[in-house]
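The next block is upload_30.txt, given as compact mmCIF, C-alpha atoms and all ligand atoms.
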```
# COMPACT_ATOMS: atom_id res chain seq x y z
CA MET S 1 12.49 -4.12 -5.19
CA ALA S 2 9.25 -3.89 -7.11
CA LYS S 3 9.39 -4.23 -10.85
CA ALA S 4 7.98 -0.82 -11.75
CA VAL S 5 10.82 0.97 -10.01
CA GLU S 6 13.30 -0.18 -12.62
CA ALA S 7 12.44 2.73 -14.92
CA THR S 8 15.24 5.21 -15.58
CA GLN S 9 15.67 8.68 -14.21
CA ASP S 10 16.01 10.10 -17.75
CA GLU S 11 12.31 9.91 -18.53
CA GLU S 12 10.63 13.27 -18.63
CA SER S 13 8.86 14.49 -15.52
CA LYS S 14 5.43 16.03 -15.79
CA ILE S 15 6.51 19.10 -13.85
CA SER S 16 9.64 21.01 -14.79
CA ASP S 17 12.38 21.13 -12.16
CA GLU S 18 14.08 24.29 -13.44
CA ASN S 19 13.40 26.47 -10.40
CA ASP S 20 14.08 23.94 -7.66
CA ALA S 21 17.06 25.78 -6.22
CA GLU S 22 14.96 28.83 -5.28
CA LYS S 23 11.55 27.29 -4.80
CA VAL S 24 10.03 26.47 -1.41
CA TYR S 25 6.82 24.44 -1.59
CA ASP S 26 4.13 24.65 1.05
CA THR S 27 3.88 20.86 0.83
CA ILE S 28 5.62 18.00 -0.91
CA ILE S 29 3.84 14.64 -1.07
CA VAL S 30 6.17 11.68 -1.50
CA GLY S 31 4.48 8.85 -3.39
CA ALA S 32 1.81 8.87 -6.11
CA GLY S 33 -0.07 5.73 -5.17
CA ALA S 34 -3.62 5.58 -3.83
CA ALA S 35 -2.62 7.53 -0.71
CA GLY S 36 -0.47 10.18 -2.40
CA VAL S 37 -2.95 10.87 -5.21
CA GLY S 38 -5.88 10.85 -2.77
CA VAL S 39 -4.30 13.26 -0.30
CA ALA S 40 -3.13 15.49 -3.19
CA ILE S 41 -6.73 15.80 -4.40
CA ALA S 42 -7.87 16.63 -0.85
CA LEU S 43 -5.08 19.19 -0.47
CA GLY S 44 -6.21 20.87 -3.69
CA HIS S 45 -9.83 20.88 -2.49
CA SER S 46 -8.73 22.51 0.78
CA GLY S 47 -7.33 25.47 -1.17
CA VAL S 48 -3.60 24.72 -0.95
CA GLU S 49 -1.96 25.55 -4.29
CA ASN S 50 1.79 25.55 -3.82
CA TYR S 51 2.40 21.83 -3.58
CA LEU S 52 4.13 19.05 -5.47
CA VAL S 53 3.75 15.27 -5.64
CA VAL S 54 6.93 13.29 -6.36
CA ASP S 55 7.25 9.62 -7.21
CA ARG S 56 10.35 7.52 -7.81
CA ALA S 57 8.54 5.83 -10.71
CA LYS S 58 5.10 6.53 -12.18
CA VAL S 59 1.66 7.30 -10.79
CA GLY S 60 0.26 4.02 -9.45
CA SER S 61 3.51 2.11 -10.04
CA SER S 62 3.03 -0.28 -7.10
CA PHE S 63 -0.40 -1.30 -8.39
CA ALA S 64 1.00 -1.61 -11.91
CA SER S 65 3.54 -4.15 -10.64
CA TRP S 66 1.07 -6.49 -8.91
CA PRO S 67 1.07 -10.02 -10.36
CA ALA S 68 -1.10 -9.85 -13.48
CA GLU S 69 -3.83 -12.10 -12.04
CA THR S 70 -4.12 -10.35 -8.63
CA ARG S 71 -7.32 -8.40 -8.16
CA PHE S 72 -8.74 -6.11 -5.48
CA ILE S 73 -10.41 -8.08 -2.74
CA THR S 74 -12.62 -5.13 -1.81
CA PRO S 75 -15.42 -4.79 -4.36
CA SER S 76 -16.20 -1.61 -6.26
CA PHE S 77 -19.83 -0.65 -6.74
CA PRO S 78 -21.34 2.58 -8.14
CA SER S 79 -23.05 3.44 -4.85
CA ASN S 80 -22.07 7.14 -4.87
CA SER S 81 -25.57 8.27 -5.93
CA ILE S 82 -26.89 7.47 -2.45
CA GLY S 83 -23.91 9.08 -0.69
CA MET S 84 -22.03 5.84 -0.06
CA LEU S 85 -18.63 6.27 -1.64
CA ASP S 86 -17.37 3.32 -3.72
CA LEU S 87 -15.13 1.27 -1.38
CA ASN S 88 -12.14 1.63 -3.68
CA SER S 89 -12.52 5.34 -4.35
CA ILE S 90 -9.88 7.79 -3.15
CA ALA S 91 -11.75 11.01 -3.94
CA ILE S 92 -15.19 12.40 -3.20
CA GLY S 93 -17.65 11.77 -6.03
CA VAL S 94 -15.35 9.30 -7.79
CA SER S 95 -16.25 5.65 -8.43
CA PRO S 96 -13.78 3.19 -9.97
CA ALA S 97 -16.75 0.86 -10.57
CA PHE S 98 -18.46 3.52 -12.66
CA SER S 99 -15.39 4.59 -14.61
CA MET S 100 -13.90 1.12 -15.16
CA ARG S 101 -16.96 -1.15 -15.04
CA VAL S 102 -15.01 -3.70 -13.02
CA GLU S 103 -15.95 -5.00 -9.57
CA HIS S 104 -12.53 -6.34 -8.54
CA PRO S 105 -9.93 -4.40 -10.55
CA THR S 106 -6.49 -5.79 -11.28
CA GLY S 107 -3.52 -3.74 -10.08
CA GLN S 108 -2.87 -2.62 -13.65
CA GLN S 109 -6.47 -1.42 -14.06
CA TYR S 110 -6.31 0.47 -10.78
CA ALA S 111 -2.98 2.09 -11.75
CA ALA S 112 -4.67 3.36 -14.93
CA HIS S 113 -7.54 4.68 -12.80
CA LEU S 114 -5.07 6.61 -10.60
CA GLN S 115 -3.36 8.03 -13.69
CA GLY S 116 -6.79 9.13 -14.96
CA LEU S 117 -7.49 10.90 -11.66
CA ALA S 118 -4.09 12.61 -11.66
CA ASN S 119 -4.83 13.97 -15.15
CA TYR S 120 -8.43 14.92 -14.40
CA PHE S 121 -7.51 16.87 -11.25
CA GLU S 122 -4.39 18.26 -12.98
CA LEU S 123 -2.21 17.29 -10.06
CA PRO S 124 1.31 18.76 -10.02
CA ILE S 125 3.23 15.49 -10.20
CA ARG S 126 6.89 14.91 -10.86
CA GLU S 127 7.58 11.30 -11.78
CA MET S 128 10.93 9.47 -11.83
CA THR S 129 12.03 11.39 -8.74
CA ASN S 130 13.39 9.15 -6.03
CA VAL S 131 13.59 10.72 -2.58
CA LYS S 132 16.82 9.46 -1.05
CA SER S 133 16.72 11.32 2.25
CA ILE S 134 14.74 13.93 4.16
CA GLU S 135 16.34 16.29 6.66
CA MET S 136 15.09 19.37 8.51
CA LYS S 137 17.41 22.39 8.06
CA ASP S 138 16.68 26.06 8.75
CA GLU S 139 13.03 25.22 9.52
CA LEU S 140 12.50 23.65 6.08
CA PHE S 141 12.40 20.04 4.97
CA HIS S 142 15.17 19.26 2.48
CA LEU S 143 14.34 16.30 0.23
CA GLU S 144 17.40 14.91 -1.50
CA THR S 145 16.61 13.35 -4.88
CA ASP S 146 18.94 11.98 -7.56
CA ARG S 147 18.96 15.33 -9.34
CA HIS S 148 18.07 18.11 -6.92
CA THR S 149 17.25 19.14 -3.41
CA LEU S 150 13.59 19.99 -3.01
CA ARG S 151 12.48 22.21 -0.11
CA ALA S 152 9.13 22.38 1.65
CA ARG S 153 7.45 23.61 4.81
CA ASN S 154 5.44 20.39 5.08
CA VAL S 155 6.00 16.85 3.87
CA ILE S 156 3.36 14.14 3.50
CA TRP S 157 4.98 10.71 3.44
CA ALA S 158 2.80 8.44 1.27
CA ALA S 159 5.40 6.02 -0.08
CA GLY S 160 3.39 2.92 0.80
CA GLU S 161 4.45 -0.61 1.63
CA TYR S 162 4.55 -2.60 -1.58
CA GLN S 163 8.03 -1.53 -2.64
CA TYR S 164 9.39 -2.36 0.82
CA PRO S 165 8.66 -6.10 1.31
CA SER S 166 9.58 -8.18 4.39
CA LEU S 167 12.40 -10.38 3.18
CA ASN S 168 14.52 -11.43 6.16
CA ILE S 169 12.19 -13.33 8.42
CA PHE S 170 13.91 -16.68 9.03
CA ASP S 171 17.20 -18.40 8.22
CA GLY S 172 17.54 -18.90 4.48
CA SER S 173 14.69 -16.60 3.45
CA GLU S 174 17.06 -15.29 0.76
CA HIS S 175 16.38 -18.57 -1.08
CA CYS S 176 12.72 -17.59 -1.40
CA ARG S 177 10.94 -15.25 -3.78
CA HIS S 178 8.55 -12.58 -2.48
CA THR S 179 5.15 -12.56 -4.19
CA SER S 180 5.59 -8.83 -4.94
CA SER S 181 8.30 -9.75 -7.47
CA VAL S 182 6.06 -12.13 -9.45
CA SER S 183 4.83 -10.68 -12.75
CA LYS S 184 2.35 -13.46 -13.52
CA TYR S 185 1.61 -16.66 -11.59
CA GLY S 186 0.68 -18.37 -14.85
CA ASP S 187 4.26 -17.93 -16.08
CA LEU S 188 5.93 -19.66 -13.12
CA GLU S 189 7.57 -22.90 -14.14
CA GLY S 190 7.25 -26.12 -12.15
CA ASP S 191 4.30 -27.95 -10.69
CA ASP S 192 4.93 -28.11 -6.95
CA PHE S 193 4.94 -24.89 -4.89
CA ILE S 194 5.44 -24.00 -1.25
CA ILE S 195 3.96 -20.70 -0.11
CA ILE S 196 5.01 -19.19 3.23
CA GLY S 197 2.23 -16.95 4.55
CA GLY S 198 -1.46 -17.73 4.28
CA TYR S 199 -3.17 -14.39 4.48
CA GLU S 200 -4.59 -12.60 1.41
CA SER S 201 -1.45 -12.64 -0.80
CA GLY S 202 -0.65 -16.27 0.03
CA ILE S 203 -4.17 -17.48 -0.71
CA ASP S 204 -4.25 -15.35 -3.86
CA ALA S 205 -1.02 -17.01 -5.09
CA ALA S 206 -2.30 -20.48 -4.15
CA TYR S 207 -5.58 -19.89 -6.00
CA HIS S 208 -3.92 -18.83 -9.25
CA LEU S 209 -1.31 -21.60 -9.17
CA ALA S 210 -3.96 -24.22 -8.35
CA LYS S 211 -6.06 -23.02 -11.28
CA CYS S 212 -3.03 -23.76 -13.50
CA GLY S 213 -3.05 -27.31 -12.14
CA LYS S 214 -0.03 -26.85 -9.81
CA LYS S 215 0.20 -28.55 -6.42
CA VAL S 216 0.53 -26.00 -3.62
CA ARG S 217 1.32 -26.23 0.10
CA VAL S 218 0.56 -23.10 2.17
CA PHE S 219 2.14 -22.59 5.62
CA ASP S 220 0.97 -20.00 8.10
CA LEU S 221 1.86 -19.05 11.67
CA SER S 222 -1.80 -19.11 12.61
CA GLY S 223 -4.33 -19.89 9.87
CA PRO S 224 -6.45 -16.94 8.72
CA TRP S 225 -8.74 -19.34 6.79
CA GLU S 226 -9.86 -20.90 10.11
CA GLU S 227 -10.81 -17.65 11.84
CA GLU S 228 -14.43 -16.97 12.69
CA SER S 229 -13.91 -13.21 13.09
CA SER S 230 -15.56 -10.63 10.80
CA ASP S 231 -12.40 -8.55 11.20
CA PRO S 232 -10.49 -8.58 7.87
CA SER S 233 -7.18 -8.27 9.73
CA ILE S 234 -7.66 -11.71 11.20
CA ALA S 235 -9.93 -13.60 8.85
CA LEU S 236 -9.75 -13.74 5.07
CA SER S 237 -11.97 -11.59 2.88
CA THR S 238 -15.21 -12.92 1.44
CA TYR S 239 -13.59 -12.81 -1.99
CA SER S 240 -10.81 -15.19 -0.87
CA PHE S 241 -13.24 -17.56 0.83
CA GLU S 242 -15.22 -17.71 -2.39
CA ARG S 243 -12.08 -18.50 -4.36
CA MET S 244 -11.22 -21.31 -1.94
CA GLU S 245 -14.47 -22.97 -3.00
CA HIS S 246 -13.18 -23.35 -6.56
CA PRO S 247 -12.73 -27.09 -7.33
CA SER S 248 -9.06 -26.65 -8.32
CA PHE S 249 -8.30 -25.17 -4.89
CA GLY S 250 -9.73 -28.20 -3.09
CA GLN S 251 -7.88 -30.57 -5.42
CA ASN S 252 -4.48 -28.90 -5.44
CA VAL S 253 -3.97 -26.88 -2.25
CA GLU S 254 -2.92 -28.23 1.13
CA LEU S 255 -3.16 -25.78 4.04
CA PHE S 256 -0.92 -25.94 7.14
CA ALA S 257 -2.22 -23.73 9.97
CA GLY S 258 -0.14 -23.01 13.09
CA THR S 259 3.06 -24.04 11.28
CA PRO S 260 5.81 -21.41 11.50
CA ILE S 261 8.81 -21.90 9.21
CA GLN S 262 12.22 -22.14 10.85
CA SER S 263 14.54 -22.21 7.84
CA VAL S 264 14.95 -22.79 4.12
CA THR S 265 18.06 -24.37 2.61
CA PHE S 266 18.98 -25.05 -1.00
CA ALA S 267 21.23 -27.88 -2.19
CA ASN S 268 21.44 -30.01 -5.34
CA GLY S 269 18.50 -28.27 -6.95
CA ILE S 270 16.17 -28.93 -3.99
CA TYR S 271 14.75 -26.38 -1.55
CA GLU S 272 14.24 -27.84 1.91
CA VAL S 273 11.73 -26.07 4.14
CA LYS S 274 11.90 -26.85 7.88
CA THR S 275 9.08 -25.98 10.22
CA GLU S 276 9.56 -25.04 13.87
CA ASP S 277 7.92 -28.30 14.93
CA GLY S 278 10.57 -30.29 13.05
CA GLN S 279 8.78 -31.26 9.84
CA VAL S 280 10.73 -31.06 6.57
CA PHE S 281 9.22 -30.38 3.14
CA GLN S 282 10.98 -30.37 -0.21
CA THR S 283 10.34 -28.67 -3.52
CA LYS S 284 12.24 -27.96 -6.74
CA GLN S 285 10.63 -24.52 -7.05
CA LYS S 286 11.79 -21.44 -5.16
CA PRO S 287 9.43 -21.16 -2.16
CA LEU S 288 7.17 -18.12 -2.41
CA LEU S 289 7.20 -15.60 0.44
CA ALA S 290 3.80 -14.09 1.13
CA SER S 291 5.15 -12.56 4.30
CA GLY S 292 3.89 -9.02 3.97
CA PHE S 293 5.77 -5.73 3.98
CA ASP S 294 8.15 -3.80 6.23
CA GLY S 295 6.68 -0.60 4.85
CA SER S 296 8.33 2.64 3.74
CA HIS S 297 7.84 4.29 7.12
CA LYS S 298 11.09 2.58 8.21
CA PHE S 299 12.83 4.84 5.69
CA VAL S 300 11.71 7.96 7.58
CA SER S 301 11.84 6.54 11.10
CA HIS S 302 14.27 9.32 12.17
CA LEU S 303 11.49 11.87 11.61
CA PHE S 304 8.95 10.16 13.86
CA GLU S 305 8.82 8.81 17.37
CA GLU S 306 8.31 5.07 17.24
CA ARG S 307 5.40 3.19 18.82
CA GLU S 308 6.05 -0.11 20.58
CA ASP S 309 4.92 -1.97 17.45
CA GLY S 310 7.45 -0.04 15.32
CA PHE S 311 4.90 2.17 13.55
CA PRO S 312 5.24 5.98 13.66
CA SER S 313 3.69 7.76 16.58
CA LEU S 314 1.22 10.35 15.25
CA THR S 315 -0.72 13.32 16.57
CA GLU S 316 -4.47 13.40 16.03
CA ARG S 317 -3.69 15.17 12.70
CA ASP S 318 -1.41 12.33 11.52
CA GLU S 319 1.61 14.56 12.07
CA SER S 320 4.90 13.50 13.64
CA THR S 321 4.85 13.99 17.41
CA ILE S 322 8.45 15.26 17.30
CA LEU S 323 8.63 17.16 14.00
CA PRO S 324 5.70 19.45 13.14
CA GLY S 325 5.03 19.59 9.40
CA MET S 326 5.93 15.94 8.81
CA PHE S 327 2.75 13.96 8.03
CA LEU S 328 2.01 10.31 7.26
CA CYS S 329 -0.70 9.03 4.89
CA GLY S 330 -1.73 5.55 3.84
CA PRO S 331 -1.79 2.01 5.21
CA SER S 332 0.91 2.57 7.88
CA VAL S 333 -1.23 5.03 9.83
CA ARG S 334 -1.96 3.72 13.32
CA HIS S 335 -3.90 5.23 16.22
CA ASP S 336 -4.00 3.13 19.38
CA GLY S 337 -5.30 -0.24 18.17
CA HIS S 338 -6.76 1.16 14.96
CA ILE S 339 -5.07 0.19 11.70
CA PHE S 340 -5.90 1.97 8.44
CA CYS S 341 -4.61 -0.54 5.91
CA PHE S 342 -7.42 -0.62 3.34
CA ILE S 343 -8.26 2.25 1.02
CA PHE S 344 -11.74 2.72 2.50
CA LYS S 345 -10.05 3.21 5.87
CA TYR S 346 -7.02 5.38 5.22
CA ARG S 347 -8.84 7.65 2.76
CA GLN S 348 -10.82 8.97 5.73
CA ARG S 349 -7.66 10.67 6.99
CA PHE S 350 -6.72 12.58 3.80
CA ALA S 351 -8.89 15.55 4.72
CA ILE S 352 -7.57 15.59 8.30
CA VAL S 353 -4.05 16.15 6.95
CA ALA S 354 -5.21 18.59 4.27
CA GLN S 355 -7.14 20.61 6.83
CA ALA S 356 -4.12 20.77 9.16
CA ILE S 357 -1.93 22.15 6.35
CA ALA S 358 -4.58 24.53 4.97
CA SER S 359 -5.24 25.93 8.46
CA SER S 360 -1.52 26.50 8.99
CA LEU S 361 -1.66 28.69 5.86
CA ASP S 362 -4.68 30.58 7.25
CA LEU S 363 -7.03 29.19 4.61
CA PRO S 364 -10.71 28.76 5.65
CA THR S 365 -11.60 25.05 5.82
CA GLU S 366 -15.22 24.85 7.07
CA ASP S 367 -16.84 24.18 3.66
CA PHE S 368 -14.10 21.76 2.68
CA VAL S 369 -14.47 19.76 5.89
CA GLU S 370 -18.27 19.75 5.58
CA ALA S 371 -18.10 18.37 2.02
CA TYR S 372 -15.68 15.62 3.03
CA LYS S 373 -17.81 14.72 6.07
CA GLU S 374 -20.86 14.31 3.84
CA TRP S 375 -18.96 11.70 1.82
CA GLY S 376 -17.69 9.85 4.91
CA MET S 377 -14.19 11.05 4.07
CA TYR S 378 -13.37 12.82 7.32
CA LEU S 379 -12.83 10.57 10.32
CA ASP S 380 -11.78 12.62 13.34
CA ASP S 381 -13.51 10.68 16.10
CA LEU S 382 -11.95 7.26 16.50
CA SER S 383 -13.90 6.51 19.66
CA CYS S 384 -16.90 5.45 17.57
CA CYS S 385 -14.91 2.67 15.91
CA GLY S 386 -14.08 -0.56 17.61
CA GLN S 387 -11.75 -3.31 16.45
CA GLU S 388 -14.29 -4.84 14.09
CA CYS S 389 -14.74 -1.73 11.97
CA LEU S 390 -11.24 -0.34 11.87
CA THR S 391 -8.55 -2.97 12.08
CA CYS S 392 -7.29 -4.96 9.17
C1 LIG N 401 -1.55 -7.60 -3.25
C2 LIG N 401 -2.29 -6.51 -2.51
C3 LIG N 401 -3.66 -6.42 -2.60
C4 LIG N 401 -4.34 -5.39 -1.95
N1 LIG N 401 -5.69 -5.34 -2.11
C5 LIG N 401 -6.36 -4.33 -1.55
C6 LIG N 401 -7.77 -4.22 -1.74
O1 LIG N 401 -8.40 -5.06 -2.37
N2 LIG N 401 -8.41 -3.15 -1.18
C7 LIG N 401 -7.74 -2.21 -0.45
O2 LIG N 401 -8.35 -1.27 0.03
N3 LIG N 401 -6.42 -2.31 -0.23
C8 LIG N 401 -5.72 -3.34 -0.76
N4 LIG N 401 -4.36 -3.44 -0.54
C9 LIG N 401 -3.71 -2.52 0.42
C10 LIG N 401 -3.41 -1.07 -0.03
O3 LIG N 401 -4.52 -0.44 -0.58
C11 LIG N 401 -2.26 -0.99 -0.97
O4 LIG N 401 -1.13 -1.42 -0.27
C12 LIG N 401 -1.98 0.42 -1.56
O5 LIG N 401 -1.05 0.28 -2.62
C13 LIG N 401 -1.44 1.43 -0.64
O6 LIG N 401 -1.32 2.65 -1.35
P1 LIG N 401 -0.13 3.64 -1.09
O7 LIG N 401 -0.37 4.83 -1.92
O8 LIG N 401 0.06 3.81 0.38
O9 LIG N 401 1.18 2.86 -1.58
P2 LIG N 401 1.72 2.54 -3.04
O10 LIG N 401 0.60 2.19 -3.95
O11 LIG N 401 2.84 1.57 -2.85
O12 LIG N 401 2.31 3.95 -3.53
C14 LIG N 401 3.50 4.47 -3.02
C15 LIG N 401 4.22 5.23 -4.12
O13 LIG N 401 5.37 5.82 -3.54
C16 LIG N 401 6.46 5.73 -4.43
N5 LIG N 401 7.68 5.73 -3.63
C17 LIG N 401 8.09 4.79 -2.74
N6 LIG N 401 9.25 5.18 -2.19
C18 LIG N 401 9.58 6.36 -2.73
C19 LIG N 401 10.68 7.25 -2.56
N7 LIG N 401 11.69 6.99 -1.73
N8 LIG N 401 10.70 8.40 -3.31
C20 LIG N 401 9.70 8.68 -4.16
N9 LIG N 401 8.65 7.87 -4.36
C21 LIG N 401 8.58 6.74 -3.64
C22 LIG N 401 6.21 4.46 -5.19
O14 LIG N 401 6.82 4.47 -6.47
C23 LIG N 401 4.70 4.35 -5.26
O15 LIG N 401 4.19 4.85 -6.49
C24 LIG N 401 -3.64 -4.44 -1.17
C25 LIG N 401 -2.26 -4.56 -1.06
C26 LIG N 401 -1.58 -5.57 -1.72
C27 LIG N 401 -0.09 -5.62 -1.60
```

This structure in structure tokens:
Amino acid sequence: MAKAVEATQDEESKISDENDAEKVYDTIIVGAGAAGVGVAIALGHSGVENYLVVDRAKVGSSFASWPAETRFITPSFPSNSIGMLDLNSIAIGVSPAFSMRVEHPTGQQYAAHLQGLANYFELPIREMTNVKSIEMKDELFHLETDRHTLRARNVIWAAGEYQYPSLNIFDGSEHCRHTSSVSKYGDLEGDDFIIIGGYESGIDAAYHLAKCGKKVRVFDLSGPWEEESSDPSIALSTYSFERMEHPSFGQNVELFAGTPIQSVTFANGIYEVKTEDGQVFQTKQKPLLASGFDGSHKFVSHLFEEREDGFPSLTERDESTILPGMFLCGPSVRHDGHIFCFIFKYRQRFAIVAQAIASSLDLPTEDFVEAYKEWGMYLDDLSCCGQECLTC
């Protein structure tokens, strides 16, 4: 579980919960990360007023719990003046580059940016509210939290991936430590690390450890650093390639492509990592898992039909195909082969969801949709986008 979620339920929420028993919201958004805050702003712009955002911790808590050294790989640039929205922006007219004067923000900086947006747009957010279950009863969604039952006509699930890491992937993976639980690479003791997973998080961990003079071995099923593709789902980002050019990376990091791990054992203070092709590697440090995330959509899988790849099946409005009123926002959105895992991708669907909900309340949406289209924040035609521009 991510570090930021350890906060207690006693802390004060921004929105009072006195009237929960009687109140029915038009929409409840679960999660106040980049997706939840972004879609909340879009919902407000579309004219919907009776909505609430809930988060089990704080606004931006996943970003706040990134390892201290980890930075955005997508650059921010104040390009809004020519109509090209900053790549890391979640709202029309907003530029993290302009407000923070940082090109590659840390998670902590971006969390502060999200908190600033939530305040600026006066979003109705209730923090420290963990949604434990969602059920449909009497044509309303009932969201069970630690304190109350919240009721809504629509739910937007935006609970992200970071707090739901992939942990059980081979025998003995319980002996490893997922990178999402690392507070700061510079604080890790020992000088010899094994990292399992060589995509962005694995290379990020290797880079920071190598800069501290640690020896690092990185194992990956394939080898994203060898890919020629321009597709960021397959190849590494430019930012990571640049980091791999740092002298400490060349001196300290050994890369093993096409080397799946079979098991990890621990005995007499030594971790033994076996690969599927029979090689054995040893280290005194807990191996680091950079294996990605199961994602929070598993938590609400009963509310969606499942695609063959396990992701929720969605209508063209990002609504459940079996339960109208249940929407999905964020990096788990999939349409055919299109994957919306970066902010500059999934933000283009916020207005689609907002429009669907506003229309269901008979609110006019033409001007709203036009404004979002002008900012490239309304993607309704996926046919124009091939693998290279949409997958990640
Ligand atoms: C290390 C790393 C680097 C990345 N770098 C980039 C990058 O450079 N550029 C980019 O575009 N993308 C990047 N991404 C991908 C993506 O933008 C992030 O994963 C982003 O956090 C997704 O935002 P989100 O709002 O969907 O999820 P989150 O930020 O995880 O927000 C979800 C929120 O939901 C809350 N929540 C979860 N479960 C519950 C529950 N049951 N009840 C109530 N609240 C709940 C959480 O507390 C959290 O605040 C990166 C991801 C990682 C992990």

> At most 12 Å from (-7.2, 2.4, 4.9), file frame, only C-alpha atoms: which residues, as a VMD selection string?
Replying inline: chain S and resid 34 to 35 38 74 87 to 90 160 232 to 233 329 to 334 338 to 350 377 379 389 to 392

>> Counting all atoms listed in the file, what are the residues, protein, DNA or RNA alike, that approach ligand LIG 401 (chain N) to within 8 Å? I want them as a PyMOL selection string.
In response: chain S and resi 4-5+30-37+54-63+66-67+70-75+87-88+104+107+128-133+145+158-163+180+200-201+292+296+299+329-332+341-345

>> Tell me which residues come within 6 Å of (-7.0, -22.1, -5.2), as an MDAnalysis selection string, counting only C-alpha atoms in the file's coordinates.
In response: chainID S and resid 206:207 210 244 248:249

> Can you list, as a list in words, every protein, DNA or RNA residue that comes within 8 Å of segment 284-288 of chain S when you count only C-alpha atoms, leaving out same-chain residues fewer than 6 positions away?
Replying inline: His175, Cys176, Arg177, His178, Thr179, Glu189, Gly190, Asp192, Phe193, Ile194, Ile195, Ile196, Gly269, Ile270 and Tyr271 of chain S

> What is the distance between atom CA of Ser46 of chain S and atom CA of Ile357 of chain S, in Å to one decimal?
Replying inline: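 Spanning atom CA of Ser46 of chain S to atom CA of Ile357 of chain S is a straight-line distance of 8.8 Å.
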
> Taking all atoms listed in the file into account, which of S:Asp380, S:Asp367, S:Asp309, S:Glu374 comes nearest Ile92 of chain S?
Replying inline: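 Nearest to Ile92 of chain S: S:Glu374.
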
> Given the choices S:Phe266, S:Pro224, S:Asp20, S:Tyr239, which gets closest to Glu144 of chain S if the distance is worked out from only C-alpha atoms?
Replying inline: S:Asp20

> Hey, which of S:Leu303, S:Leu209, S:Leu123, S:Ala111 ends up closest to Ala42 of chain S? Count all atoms listed in the file.
Replying inline: S:Leu123

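When atom CA of Pro247 of chain S is paired with atom CA of Ala64 of chain S, their separation reads 29.3 Å.
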
> From the list S:Arg126, S:Gln251, S:Gln262, S:Val353, which residue is nearest Tyr378 of chain S when using only C-alpha atoms?
Replying inline: S:Val353

> So what do you get for atom CA of Thr365 of chain S versus atom CA of Ala152 of chain S, distance-wise?
Replying inline: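 Atom-to-atom, atom CA of Thr365 of chain S to atom CA of Ala152 of chain S, that is 21.3 Å.
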
>> I want to know what sits within 12 Å of Leu314 of chain S, based on only C-alpha atoms, with residues of the same chain fewer than 2 positions away left out; could you give that as an MDAnalysis selection string?
In response: chainID S and resid 303:307 311:312 316:329 332:336 353

Contacts of Phe121 of chain S within 9 Å, all atoms listed in the file, excl. fewer than 4 positions in-chain, as a PDB file with C-alpha atoms, keeping the file's coordinate frame:
```
ATOM      1  CA  ILE S  41      -6.730  15.800  -4.400  1.00  0.00           C
ATOM      2  CA  GLY S  44      -6.210  20.870  -3.690  1.00  0.00           C
ATOM      3  CA  GLY S 116      -6.790   9.130 -14.960  1.00  0.00           C
ATOM      4  CA  LEU S 117      -7.490  10.900 -11.660  1.00  0.00           C
TER       5      LEU S 117
END
```

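With all atoms listed in the file as the atoms that count, the residue of S:Ile82, S:Ile28, S:Ala21, S:Ile261 with the shortest distance to Val273 of chain S is S:Ile261.
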
>> So, with all atoms listed in the file as the atoms that count, which of S:Leu255, S:Val280, S:Val182, S:Ala354 lies closest to Ile29 of chain S?
In response: S:Ala354

>> Could you list, as JSON, numbers by chain, every residue within 8 Å of Leu140 of chain S, counting all atoms listed in the file and ignoring same-chain residues fewer than 6 positions away?
In response: {"S": [151, 152, 153, 154]}

Mind rebuilding segment 350-358 of chain S with N, CA and C atoms and writing that out as a PDB file, in the coordinates of the input?
```pdb
ATOM      1  N   PHE S 350      -7.318  11.610   4.738  1.00  0.00           N
ATOM      2  CA  PHE S 350      -6.720  12.580   3.800  1.00  0.00           C
ATOM      3  C   PHE S 350      -7.115  14.019   4.181  1.00  0.00           C
ATOM      4  N   ALA S 351      -8.406  14.193   4.457  1.00  0.00           N
ATOM      5  CA  ALA S 351      -8.890  15.550   4.720  1.00  0.00           C
ATOM      6  C   ALA S 351      -8.398  16.076   6.064  1.00  0.00           C
ATOM      7  N   ILE S 352      -8.113  15.165   6.990  1.00  0.00           N
ATOM      8  CA  ILE S 352      -7.570  15.590   8.300  1.00  0.00           C
ATOM      9  C   ILE S 352      -6.220  16.266   8.067  1.00  0.00           C
ATOM     10  N   VAL S 353      -5.386  15.610   7.251  1.00  0.00           N
ATOM     11  CA  VAL S 353      -4.050  16.150   6.950  1.00  0.00           C
ATOM     12  C   VAL S 353      -4.179  17.438   6.135  1.00  0.00           C
ATOM     13  N   ALA S 354      -5.034  17.404   5.120  1.00  0.00           N
ATOM     14  CA  ALA S 354      -5.210  18.590   4.270  1.00  0.00           C
ATOM     15  C   ALA S 354      -5.687  19.776   5.095  1.00  0.00           C
ATOM     16  N   GLN S 355      -6.626  19.517   5.999  1.00  0.00           N
ATOM     17  CA  GLN S 355      -7.140  20.610   6.830  1.00  0.00           C
ATOM     18  C   GLN S 355      -6.028  21.186   7.716  1.00  0.00           C
ATOM     19  N   ALA S 356      -5.205  20.303   8.286  1.00  0.00           N
ATOM     20  CA  ALA S 356      -4.120  20.770   9.160  1.00  0.00           C
ATOM     21  C   ALA S 356      -3.191  21.711   8.380  1.00  0.00           C
ATOM     22  N   ILE S 357      -2.868  21.334   7.144  1.00  0.00           N
ATOM     23  CA  ILE S 357      -1.930  22.150   6.350  1.00  0.00           C
ATOM     24  C   ILE S 357      -2.615  23.446   5.887  1.00  0.00           C
ATOM     25  N   ALA S 358      -3.859  23.321   5.420  1.00  0.00           N
ATOM     26  CA  ALA S 358      -4.580  24.530   4.970  1.00  0.00           C
ATOM     27  C   ALA S 358      -4.737  25.524   6.115  1.00  0.00           C
TER      28      ALA S 358
END
```
